[in-house]
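Data file: coords_19.csv. Format and content: CSV, C-alpha atoms and all ligand atoms.
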```
chain,number,residue,atom,x,y,z
A,6,MET,CA,18.6,4.6,15.5
A,7,LYS,CA,19.6,4.8,11.8
A,8,GLU,CA,19.8,8.6,11.3
A,9,GLU,CA,21.2,11.3,13.5
A,10,LYS,CA,19.4,14.4,12.4
A,11,LYS,CA,15.7,14.9,13.3
A,12,ILE,CA,13.5,14.8,10.2
A,13,LYS,CA,10.1,16.3,10.1
A,14,LEU,CA,7.4,14.2,8.5
A,15,ALA,CA,3.8,15.4,8.0
A,16,VAL,CA,1.2,12.7,7.6
A,17,LEU,CA,-1.9,13.9,5.7
A,18,GLY,CA,-4.6,11.3,6.0
A,19,CYS,CA,-4.2,8.6,8.7
A,20,GLY,CA,-6.3,5.7,7.4
A,21,ASN,CA,-5.3,2.1,7.9
A,22,MET,CA,-2.5,2.1,5.4
A,23,ALA,CA,-0.8,5.3,6.4
A,24,ALA,CA,-1.2,4.6,10.1
A,25,ALA,CA,0.4,1.1,9.7
A,26,LEU,CA,3.3,2.4,7.7
A,27,VAL,CA,4.1,5.4,9.9
A,28,THR,CA,3.9,3.1,13.0
A,29,ARG,CA,6.6,0.9,11.4
A,30,PHE,CA,8.7,4.0,10.4
A,31,CYS,CA,8.6,5.2,14.0
A,32,ASN,CA,9.5,1.8,15.5
A,33,GLU,CA,12.6,1.8,13.2
A,34,PHE,CA,13.6,5.5,13.2
A,35,GLU,CA,13.8,7.4,16.5
A,36,ASN,CA,14.8,10.6,14.7
A,37,LEU,CA,11.4,11.3,13.1
A,38,ASP,CA,9.2,14.2,14.2
A,39,VAL,CA,5.7,13.3,13.1
A,40,PHE,CA,2.8,15.7,12.6
A,41,THR,CA,-0.5,14.2,11.7
A,42,PHE,CA,-3.6,15.7,10.1
A,43,THR,CA,-7.1,14.4,9.2
A,44,PRO,CA,-10.2,16.5,8.6
A,45,THR,CA,-12.1,14.9,11.5
A,46,ASN,CA,-8.9,14.9,13.7
A,47,LYS,CA,-9.8,11.5,15.4
A,48,ARG,CA,-7.4,9.3,13.5
A,49,ALA,CA,-4.7,12.0,13.5
A,50,VAL,CA,-4.9,12.0,17.3
A,51,GLU,CA,-4.8,8.2,17.5
A,52,LEU,CA,-1.8,7.9,15.2
A,53,ALA,CA,0.1,10.8,17.0
A,54,GLU,CA,-0.5,9.1,20.3
A,55,ARG,CA,0.7,5.8,19.1
A,56,VAL,CA,4.0,7.2,17.6
A,57,GLY,CA,4.7,10.1,20.0
A,58,GLY,CA,3.9,12.7,17.3
A,59,GLN,CA,1.7,15.8,17.3
A,60,ALA,CA,-1.8,15.9,15.9
A,61,CYS,CA,-2.6,19.1,14.1
A,62,LYS,CA,-6.2,20.3,13.8
A,63,THR,CA,-5.5,22.3,10.7
A,64,ILE,CA,-2.8,22.2,8.0
A,65,VAL,CA,-1.7,25.7,9.2
A,66,GLU,CA,-0.6,24.2,12.5
A,67,ILE,CA,1.9,21.8,10.8
A,68,PRO,CA,5.4,23.3,10.9
A,69,GLU,CA,7.5,23.3,7.7
A,70,CYS,CA,8.5,19.6,7.1
A,71,GLN,CA,11.0,18.0,4.8
A,72,PHE,CA,8.6,15.2,3.9
A,73,TYR,CA,4.8,15.1,3.4
A,74,LEU,CA,3.1,11.7,3.2
A,75,VAL,CA,-0.2,11.9,1.4
A,76,GLY,CA,-2.3,9.2,2.8
A,77,CYS,CA,-5.8,10.3,1.7
A,78,LYS,CA,-7.8,8.7,-1.1
A,79,PRO,CA,-7.2,10.0,-4.7
A,80,GLN,CA,-10.8,11.4,-4.7
A,81,GLN,CA,-9.9,13.5,-1.5
A,82,PHE,CA,-6.7,14.9,-2.9
A,83,ASP,CA,-8.1,18.1,-4.6
A,84,GLU,CA,-9.5,19.3,-1.3
A,85,LEU,CA,-6.2,18.5,0.5
A,86,ALA,CA,-4.1,20.2,-2.3
A,87,GLU,CA,-6.1,23.5,-1.9
A,88,MET,CA,-5.3,23.6,1.8
A,89,LEU,CA,-1.7,22.4,1.5
A,90,ARG,CA,-0.4,24.3,-1.5
A,91,PRO,CA,0.1,27.7,0.2
A,92,HIS,CA,2.2,26.1,3.0
A,93,LEU,CA,4.7,24.3,0.7
A,94,ASN,CA,8.0,25.7,-0.5
A,95,GLY,CA,9.8,24.1,-3.5
A,96,SER,CA,12.1,22.0,-1.3
A,97,ALA,CA,9.3,19.9,0.3
A,98,VAL,CA,9.2,16.2,-0.8
A,99,ILE,CA,5.7,14.9,-1.3
A,100,VAL,CA,5.4,11.1,-0.9
A,101,SER,CA,2.0,10.0,-2.3
A,102,MET,CA,0.4,6.7,-1.6
A,103,MET,CA,-2.6,7.5,-3.7
A,104,ALA,CA,-3.5,4.8,-6.2
A,105,GLY,CA,-3.3,6.1,-9.8
A,106,LYS,CA,-2.7,9.8,-9.1
A,107,SER,CA,0.2,10.8,-11.4
A,108,THR,CA,3.3,12.8,-10.3
A,109,GLU,CA,2.4,15.3,-13.0
A,110,VAL,CA,-1.0,16.0,-11.5
A,111,ILE,CA,0.2,16.0,-7.9
A,112,SER,CA,3.1,18.4,-8.8
A,113,LYS,CA,0.8,20.7,-10.7
A,114,LYS,CA,-1.8,20.9,-7.9
A,115,LEU,CA,0.7,21.4,-5.2
A,116,GLU,CA,3.1,23.6,-7.3
A,117,SER,CA,5.9,21.4,-6.0
A,118,PRO,CA,8.4,19.5,-8.1
A,119,LYS,CA,9.6,16.8,-5.7
A,120,ILE,CA,7.1,14.0,-5.9
A,121,ILE,CA,7.6,10.3,-4.9
A,122,ARG,CA,4.9,7.8,-5.6
A,123,VAL,CA,4.6,4.7,-3.4
A,124,MET,CA,2.2,1.8,-3.7
A,125,PRO,CA,2.4,-0.3,-0.6
A,126,ASN,CA,0.1,-3.2,0.2
A,127,THR,CA,-1.5,-4.3,3.5
A,128,PRO,CA,1.1,-6.9,4.5
A,129,SER,CA,3.3,-3.8,5.0
A,130,GLN,CA,1.6,-3.7,8.5
A,131,ILE,CA,3.7,-6.7,9.5
A,132,GLY,CA,6.9,-5.8,7.5
A,133,LYS,CA,6.0,-8.3,4.7
A,134,GLY,CA,4.8,-5.7,2.2
A,135,VAL,CA,5.6,-5.1,-1.4
A,136,GLN,CA,6.3,-1.4,-2.0
A,137,LEU,CA,6.3,-0.1,-5.5
A,138,LEU,CA,8.2,3.2,-5.7
A,139,TYR,CA,8.8,5.9,-8.4
A,140,PHE,CA,10.9,9.0,-7.8
A,141,SER,CA,10.4,12.1,-9.9
A,142,LYS,CA,13.6,13.6,-11.4
A,143,SER,CA,13.7,16.5,-8.9
A,144,VAL,CA,14.1,14.3,-5.9
A,145,ASP,CA,17.8,14.2,-4.9
A,146,ALA,CA,19.8,11.2,-3.9
A,147,ASN,CA,19.7,11.9,-0.2
A,148,GLU,CA,15.9,12.3,-0.2
A,149,GLN,CA,15.6,9.1,-2.3
A,150,ASN,CA,17.8,7.1,0.1
A,151,PHE,CA,15.9,8.3,3.1
A,152,VAL,CA,12.5,7.3,1.7
A,153,GLU,CA,13.9,4.0,0.6
A,154,GLU,CA,15.2,3.4,4.1
A,155,LEU,CA,11.9,4.4,5.6
A,156,PHE,CA,9.8,2.1,3.4
A,157,SER,CA,12.2,-0.9,3.7
A,158,SER,CA,11.0,-1.1,7.3
A,159,SER,CA,7.7,-2.4,5.8
A,160,GLY,CA,8.9,-4.9,3.3
A,161,GLU,CA,10.5,-5.4,-0.1
A,162,LEU,CA,11.1,-2.4,-2.3
A,163,PHE,CA,10.6,-2.4,-6.1
A,164,ILE,CA,11.8,0.8,-7.8
A,165,PHE,CA,10.5,1.8,-11.2
A,166,GLN,CA,12.1,4.1,-13.7
A,167,ASN,CA,8.8,4.4,-15.6
A,168,GLU,CA,5.8,5.7,-13.7
A,169,ASP,CA,3.3,3.9,-15.9
A,170,GLN,CA,4.6,0.6,-14.6
A,171,ILE,CA,3.5,1.5,-11.0
A,172,ASP,CA,-0.1,1.7,-12.3
A,173,LEU,CA,0.5,-1.5,-14.3
A,174,VAL,CA,1.6,-3.5,-11.2
A,175,THR,CA,-0.9,-1.9,-8.7
A,176,PRO,CA,-3.7,-4.5,-9.4
A,177,HIS,CA,-1.2,-7.4,-8.9
A,178,CYS,CA,0.6,-6.2,-5.8
A,179,GLY,CA,-1.5,-3.4,-4.3
A,180,SER,CA,-4.8,-5.2,-4.8
A,181,GLY,CA,-3.2,-8.6,-4.8
A,182,PRO,CA,-3.6,-9.4,-1.1
A,183,ALA,CA,-7.4,-8.9,-1.6
A,184,PHE,CA,-7.4,-11.7,-4.2
A,185,ILE,CA,-5.7,-14.0,-1.7
A,186,PHE,CA,-8.1,-13.0,1.2
A,187,GLU,CA,-11.1,-13.6,-1.1
A,188,LEU,CA,-9.7,-17.1,-1.9
A,189,ALA,CA,-9.3,-17.7,1.8
A,190,ARG,CA,-12.9,-16.6,2.4
A,191,ILE,CA,-14.3,-18.9,-0.3
A,192,LEU,CA,-12.4,-21.9,1.0
A,193,ILE,CA,-13.3,-21.3,4.6
A,194,ALA,CA,-17.0,-20.7,3.8
A,195,ASP,CA,-17.0,-23.9,1.8
A,196,LEU,CA,-15.6,-25.9,4.7
A,197,GLU,CA,-18.1,-24.4,7.1
A,198,GLU,CA,-21.0,-25.3,4.8
A,199,LYS,CA,-19.7,-28.9,4.9
A,200,GLY,CA,-19.8,-29.0,8.7
A,201,ILE,CA,-16.2,-28.1,9.7
A,202,SER,CA,-16.1,-25.6,12.6
A,203,ARG,CA,-15.3,-22.0,11.7
A,204,ILE,CA,-12.2,-22.0,14.0
A,205,GLY,CA,-10.9,-25.2,12.5
A,206,ALA,CA,-11.6,-24.1,8.9
A,207,GLU,CA,-9.9,-20.8,9.4
A,208,LYS,CA,-6.8,-22.3,10.9
A,209,MET,CA,-6.5,-25.0,8.2
A,210,ILE,CA,-6.8,-22.5,5.3
A,211,LYS,CA,-4.5,-19.9,6.9
A,212,TYR,CA,-1.8,-22.5,7.4
A,213,MET,CA,-2.4,-23.9,3.9
A,214,LEU,CA,-1.9,-20.4,2.4
A,215,TYR,CA,1.1,-19.7,4.6
A,216,GLY,CA,2.7,-23.0,3.7
A,217,ALA,CA,2.0,-22.6,0.0
A,218,SER,CA,3.3,-19.0,0.0
A,219,SER,CA,6.5,-20.0,1.9
A,220,LEU,CA,7.1,-22.8,-0.5
A,221,LEU,CA,6.6,-20.6,-3.5
A,222,LEU,CA,9.0,-18.0,-2.0
A,223,ASN,CA,11.7,-20.4,-1.0
A,224,SER,CA,11.6,-22.9,-3.9
A,225,THR,CA,13.6,-22.6,-7.1
A,226,ASP,CA,10.7,-24.3,-8.9
A,227,SER,CA,8.3,-22.1,-10.9
A,228,PRO,CA,4.6,-21.8,-9.9
A,229,THR,CA,3.7,-24.1,-12.8
A,230,GLU,CA,6.2,-26.7,-11.6
A,231,LEU,CA,4.9,-26.5,-8.0
A,232,ARG,CA,1.3,-26.8,-9.3
A,233,ASN,CA,2.2,-29.8,-11.3
A,234,MET,CA,3.8,-31.5,-8.3
A,235,VAL,CA,0.3,-31.4,-6.6
A,236,THR,CA,-1.4,-32.6,-9.7
A,237,SER,CA,-1.2,-36.2,-10.6
A,238,LYS,CA,-3.0,-37.3,-13.8
A,239,GLY,CA,-6.5,-38.4,-13.2
A,240,GLY,CA,-6.3,-37.4,-9.6
A,241,VAL,CA,-8.2,-35.1,-7.2
A,242,THR,CA,-6.4,-31.9,-7.9
A,243,ALA,CA,-6.5,-32.4,-11.7
A,244,GLU,CA,-10.3,-32.7,-11.4
A,245,ALA,CA,-10.5,-29.4,-9.6
A,246,LEU,CA,-8.0,-27.5,-11.8
A,247,GLY,CA,-9.8,-28.8,-14.9
A,248,GLU,CA,-13.0,-27.2,-13.6
A,249,LEU,CA,-11.2,-23.9,-12.9
A,250,GLU,CA,-9.8,-24.0,-16.5
A,251,ARG,CA,-13.3,-24.6,-17.9
A,252,GLY,CA,-14.5,-21.7,-15.8
A,253,ASN,CA,-11.8,-19.5,-17.5
A,254,LEU,CA,-10.2,-18.5,-14.3
A,255,GLU,CA,-7.2,-17.0,-16.1
A,256,GLU,CA,-9.5,-14.9,-18.3
A,257,VAL,CA,-11.5,-13.8,-15.2
A,258,PHE,CA,-8.3,-12.7,-13.5
A,259,LYS,CA,-7.0,-10.9,-16.6
A,260,THR,CA,-10.3,-9.0,-17.0
A,261,ALA,CA,-10.3,-8.1,-13.3
A,262,ILE,CA,-6.7,-6.8,-13.5
A,263,LYS,CA,-7.6,-4.8,-16.7
A,264,LYS,CA,-10.5,-3.2,-14.9
A,265,ALA,CA,-8.4,-2.3,-11.9
A,266,HIS,CA,-5.7,-0.8,-14.1
A,267,LYS,CA,-8.4,1.3,-15.9
A,268,ARG,CA,-9.7,2.5,-12.5
A,269,ALA,CA,-6.2,3.5,-11.5
A,270,LYS,CA,-5.9,5.5,-14.8
A,271,ASP,CA,-9.3,7.1,-14.2
A,272,LEU,CA,-8.1,8.2,-10.8
A,273,SER,CA,-4.9,9.7,-12.1
A,274,TYR,CA,-6.4,13.2,-12.7
B,301,LIG,N1,-5.6,0.0,1.5
B,301,LIG,C1,-4.6,-0.5,0.8
B,301,LIG,O1,-4.4,-1.7,0.6
B,301,LIG,C2,-3.8,0.5,0.0
B,301,LIG,C3,-2.7,0.1,-0.7
B,301,LIG,C4,-1.9,1.0,-1.3
B,301,LIG,C5,-2.3,2.3,-1.4
B,301,LIG,N2,-3.4,2.7,-0.8
B,301,LIG,C6,-3.7,4.1,-0.8
B,301,LIG,O2,-3.7,4.6,0.5
B,301,LIG,C7,-4.6,5.7,0.5
B,301,LIG,C8,-5.5,5.6,1.7
B,301,LIG,O3,-6.2,4.4,1.7
B,301,LIG,P1,-6.9,3.9,3.0
B,301,LIG,O4,-7.5,2.5,2.7
B,301,LIG,O5,-5.9,3.9,4.2
B,301,LIG,O6,-8.1,5.0,3.2
B,301,LIG,P2,-8.9,5.4,4.5
B,301,LIG,O7,-8.7,4.4,5.6
B,301,LIG,O8,-10.2,5.8,4.1
B,301,LIG,O9,-8.1,6.7,5.0
B,301,LIG,C9,-8.2,7.9,4.4
B,301,LIG,C10,-7.6,9.0,5.3
B,301,LIG,O10,-7.6,10.2,4.6
B,301,LIG,C11,-8.2,11.3,5.4
B,301,LIG,N3,-8.7,12.4,4.6
B,301,LIG,C12,-9.9,12.5,4.0
B,301,LIG,N4,-9.9,13.7,3.3
B,301,LIG,C13,-8.7,14.3,3.5
B,301,LIG,C14,-8.2,15.6,3.2
B,301,LIG,N5,-8.9,16.4,2.4
B,301,LIG,N6,-7.0,15.9,3.6
B,301,LIG,C15,-6.3,15.0,4.4
B,301,LIG,N7,-6.7,13.8,4.8
B,301,LIG,C16,-7.9,13.5,4.3
B,301,LIG,C17,-9.2,10.6,6.2
B,301,LIG,O11,-9.6,11.4,7.3
B,301,LIG,P3,-10.7,11.0,8.4
B,301,LIG,O12,-10.0,10.0,9.3
B,301,LIG,O13,-10.9,12.3,9.0
B,301,LIG,O14,-11.8,10.5,7.7
B,301,LIG,C18,-8.5,9.3,6.6
B,301,LIG,O15,-7.7,9.4,7.7
B,301,LIG,C19,-5.4,5.7,-0.8
B,301,LIG,O16,-5.0,6.7,-1.6
B,301,LIG,C20,-5.1,4.4,-1.4
B,301,LIG,O17,-5.1,4.5,-2.8
B,301,LIG,C21,-4.2,1.8,-0.1
```

Render the structure in this file as structure tokens.
Amino acid sequence: MKEEKKIKLAVLGCGNMAAALVTRFCNEFENLDVFTFTPTNKRAVELAERVGGQACKTIVEIPECQFYLVGCKPQQFDELAEMLRPHLNGSAVIVSMMAGKSTEVISKKLESPKIIRVMPNTPSQIGKGVQLLYFSKSVDANEQNFVEELFSSSGELFIFQNEDQIDLVTPHCGSGPAFIFELARILIADLEEKGISRIGAEKMIKYMLYGASSLLLNSTDSPTELRNMVTSKGGVTAEALGELERGNLEEVFKTAIKKAHKRAKDLSY
């Protein structure tokens, strides 16, 4: 147990991401009193059962909490804000996981000054996440420390002083795992098409990605150097990389990232 005092945490929206994070918080901190809410109640009950919390059928049932984790989608926030605003006092800390939604908009809609933005990613489920964080000026040092401790149970923290940078990095780190999973899918499907069993293909590609990621993380060599080590002139890898270059892979990625960033900006209001 890392904290002595019981801290009340409301979880508003208990989808995959919020449920995974809160499960890790509760494994790490015994001093959390968790209250969950979702419009259909089902996932609120499931999460409350898993972490020994209390599922609330309405926002009114949630007692006054120090921290409110907003785990719904940005498009669902207006509806939540209407219900939540009357129950907040100025001291509540709102921790938003919503992609793109700015602290200014969240603060205005909830009439609350203390806003924290966090952009986790799905490897947070296994404690290997990248968590991008931004604290609005009204959040005090104790509140900031507590939230940093909570989220460090799910992976590495990267704290930004400039909110725009969270939106800038969201496609790389929030969406990034999807790029890797898509690559895994393509490679597995190709092996299967060529007669390798699905089980064998999955195992090989998973280990290949695991090994490459571990090498990247632990090596002092840059990605370019590591790539060059696999690529001998006139060899097999050089042939494949040449084709990716001719297909403008870098440009395709840059365009995809640009579009994701624009989408985050569109969702900010
Ligand atoms: N998935 C990721 O990798 C990822 C990464 C970083 C951040 N995020 C952010 O995490 C948030 C949730 O994503 P997700 O993939 O976990 O979504 P999800 O699985 O669709 O979960 C959304 C949850 O919000 C609830 N909800 C809907 N309307 C609500 C309202 N008015 N008030 C309170 N709760 C409401 C839903 O309730 P029901 O169960 O009743 O439908 C559901 O439990 C998004 O804002 C996203 O930007 C996701």

Can you write out as a Markdown table which residues of stretch 157-230 of chain A fall within 9 Å of stretch 116-140 of chain A, alongside each residue's closest atom pair and its distance in Å to one decimal, counting all atoms listed in the file and ordering rows by chain and ascending residue number?
```
| residue | atom | partner | partner_atom | distance |
| --- | --- | --- | --- | --- |
| A:Ser157 | CA | A:Gly132 | CA | 8.2 |
| A:Ser158 | CA | A:Gly132 | CA | 6.2 |
| A:Ser159 | CA | A:Gly132 | CA | 3.9 |
| A:Gly160 | CA | A:Gly134 | CA | 4.3 |
| A:Glu161 | CA | A:Val135 | CA | 5.1 |
| A:Leu162 | CA | A:Gln136 | CA | 4.9 |
| A:Phe163 | CA | A:Leu137 | CA | 4.9 |
| A:Ile164 | CA | A:Leu138 | CA | 4.8 |
| A:Phe165 | CA | A:Tyr139 | CA | 5.2 |
| A:Gln166 | CA | A:Tyr139 | CA | 6.5 |
| A:Asn167 | CA | A:Tyr139 | CA | 7.4 |
| A:Glu168 | CA | A:Tyr139 | CA | 6.1 |
| A:Ile171 | CA | A:Leu137 | CA | 6.4 |
| A:Asp172 | CA | A:Met124 | CA | 8.9 |
| A:Val174 | CA | A:Leu137 | CA | 8.1 |
| A:Thr175 | CA | A:Met124 | CA | 6.9 |
| A:Cys178 | CA | A:Asn126 | CA | 6.7 |
| A:Gly179 | CA | A:Asn126 | CA | 4.8 |
| A:Ser180 | CA | A:Asn126 | CA | 7.3 |
| A:Gly181 | CA | A:Asn126 | CA | 8.1 |
| A:Pro182 | CA | A:Thr127 | CA | 7.2 |
```

At most 7 Å from ligand LIG 301 (chain B) (all atoms listed in the file): residue list as a PDB file with C-alpha atoms, in the frame of the given file:
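And here's pocket.pdb as it stands now:
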```pdb
ATOM      1  CA  LEU A  17      -1.900  13.900   5.700  1.00  0.00           C
ATOM      2  CA  GLY A  18      -4.600  11.300   6.000  1.00  0.00           C
ATOM      3  CA  CYS A  19      -4.200   8.600   8.700  1.00  0.00           C
ATOM      4  CA  GLY A  20      -6.300   5.700   7.400  1.00  0.00           C
ATOM      5  CA  ASN A  21      -5.300   2.100   7.900  1.00  0.00           C
ATOM      6  CA  MET A  22      -2.500   2.100   5.400  1.00  0.00           C
ATOM      7  CA  ALA A  23      -0.800   5.300   6.400  1.00  0.00           C
ATOM      8  CA  PHE A  42      -3.600  15.700  10.100  1.00  0.00           C
ATOM      9  CA  THR A  43      -7.100  14.400   9.200  1.00  0.00           C
ATOM     10  CA  PRO A  44     -10.200  16.500   8.600  1.00  0.00           C
ATOM     11  CA  THR A  45     -12.100  14.900  11.500  1.00  0.00           C
ATOM     12  CA  ASN A  46      -8.900  14.900  13.700  1.00  0.00           C
ATOM     13  CA  LYS A  47      -9.800  11.500  15.400  1.00  0.00           C
ATOM     14  CA  ARG A  48      -7.400   9.300  13.500  1.00  0.00           C
ATOM     15  CA  GLY A  76      -2.300   9.200   2.800  1.00  0.00           C
ATOM     16  CA  CYS A  77      -5.800  10.300   1.700  1.00  0.00           C
ATOM     17  CA  LYS A  78      -7.800   8.700  -1.100  1.00  0.00           C
ATOM     18  CA  PRO A  79      -7.200  10.000  -4.700  1.00  0.00           C
ATOM     19  CA  GLN A  81      -9.900  13.500  -1.500  1.00  0.00           C
ATOM     20  CA  PHE A  82      -6.700  14.900  -2.900  1.00  0.00           C
ATOM     21  CA  GLU A  84      -9.500  19.300  -1.300  1.00  0.00           C
ATOM     22  CA  LEU A  85      -6.200  18.500   0.500  1.00  0.00           C
ATOM     23  CA  MET A 102       0.400   6.700  -1.600  1.00  0.00           C
ATOM     24  CA  MET A 103      -2.600   7.500  -3.700  1.00  0.00           C
ATOM     25  CA  ALA A 104      -3.500   4.800  -6.200  1.00  0.00           C
ATOM     26  CA  MET A 124       2.200   1.800  -3.700  1.00  0.00           C
ATOM     27  CA  PRO A 125       2.400  -0.300  -0.600  1.00  0.00           C
ATOM     28  CA  ASN A 126       0.100  -3.200   0.200  1.00  0.00           C
ATOM     29  CA  THR A 127      -1.500  -4.300   3.500  1.00  0.00           C
ATOM     30  CA  GLY A 179      -1.500  -3.400  -4.300  1.00  0.00           C
ATOM     31  CA  SER A 180      -4.800  -5.200  -4.800  1.00  0.00           C
TER      32      SER A 180
END
```

| query | So which residues touch A:Ala86 within 10 Å, counting only C-alpha atoms, skipping near sequence neighbours fewer than 3 positions away, as a list in words? | reply | Val75, Gln81, Phe82, Asp83, Leu89, Arg90, Pro91, Ile111, Ser112, Lys113, Lys114, Leu115 and Glu116 of chain A

| request: Could you check how far atom CA of A:Ser218 sits from atom CA of A:Phe186, in Å to one decimal? | output: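 Atom-to-atom, atom CA of A:Ser218 and atom CA of A:Phe186 are spaced 12.9 Å apart.
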
| message | Ranking A:Leu155, A:Met88, A:Tyr73, A:Val98 by minimum distance to A:Asn36 and counting all atoms listed in the file, which one comes first? | response | A:Leu155

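Counting only C-alpha atoms and comparing A:Lys238, A:Lys211, A:Arg203, A:His177, the residue that lies closest to A:Ala261 is A:His177.
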
| message | Can you tell me which residues surround A:Glu54 at a distance of at most 12 Å, considering only C-alpha atoms, apart from same-chain residues fewer than 2 positions away, and format the answer as a PyMOL selection string? | response | chain A and resi 24+27-28+31+39-41+47-52+56-61
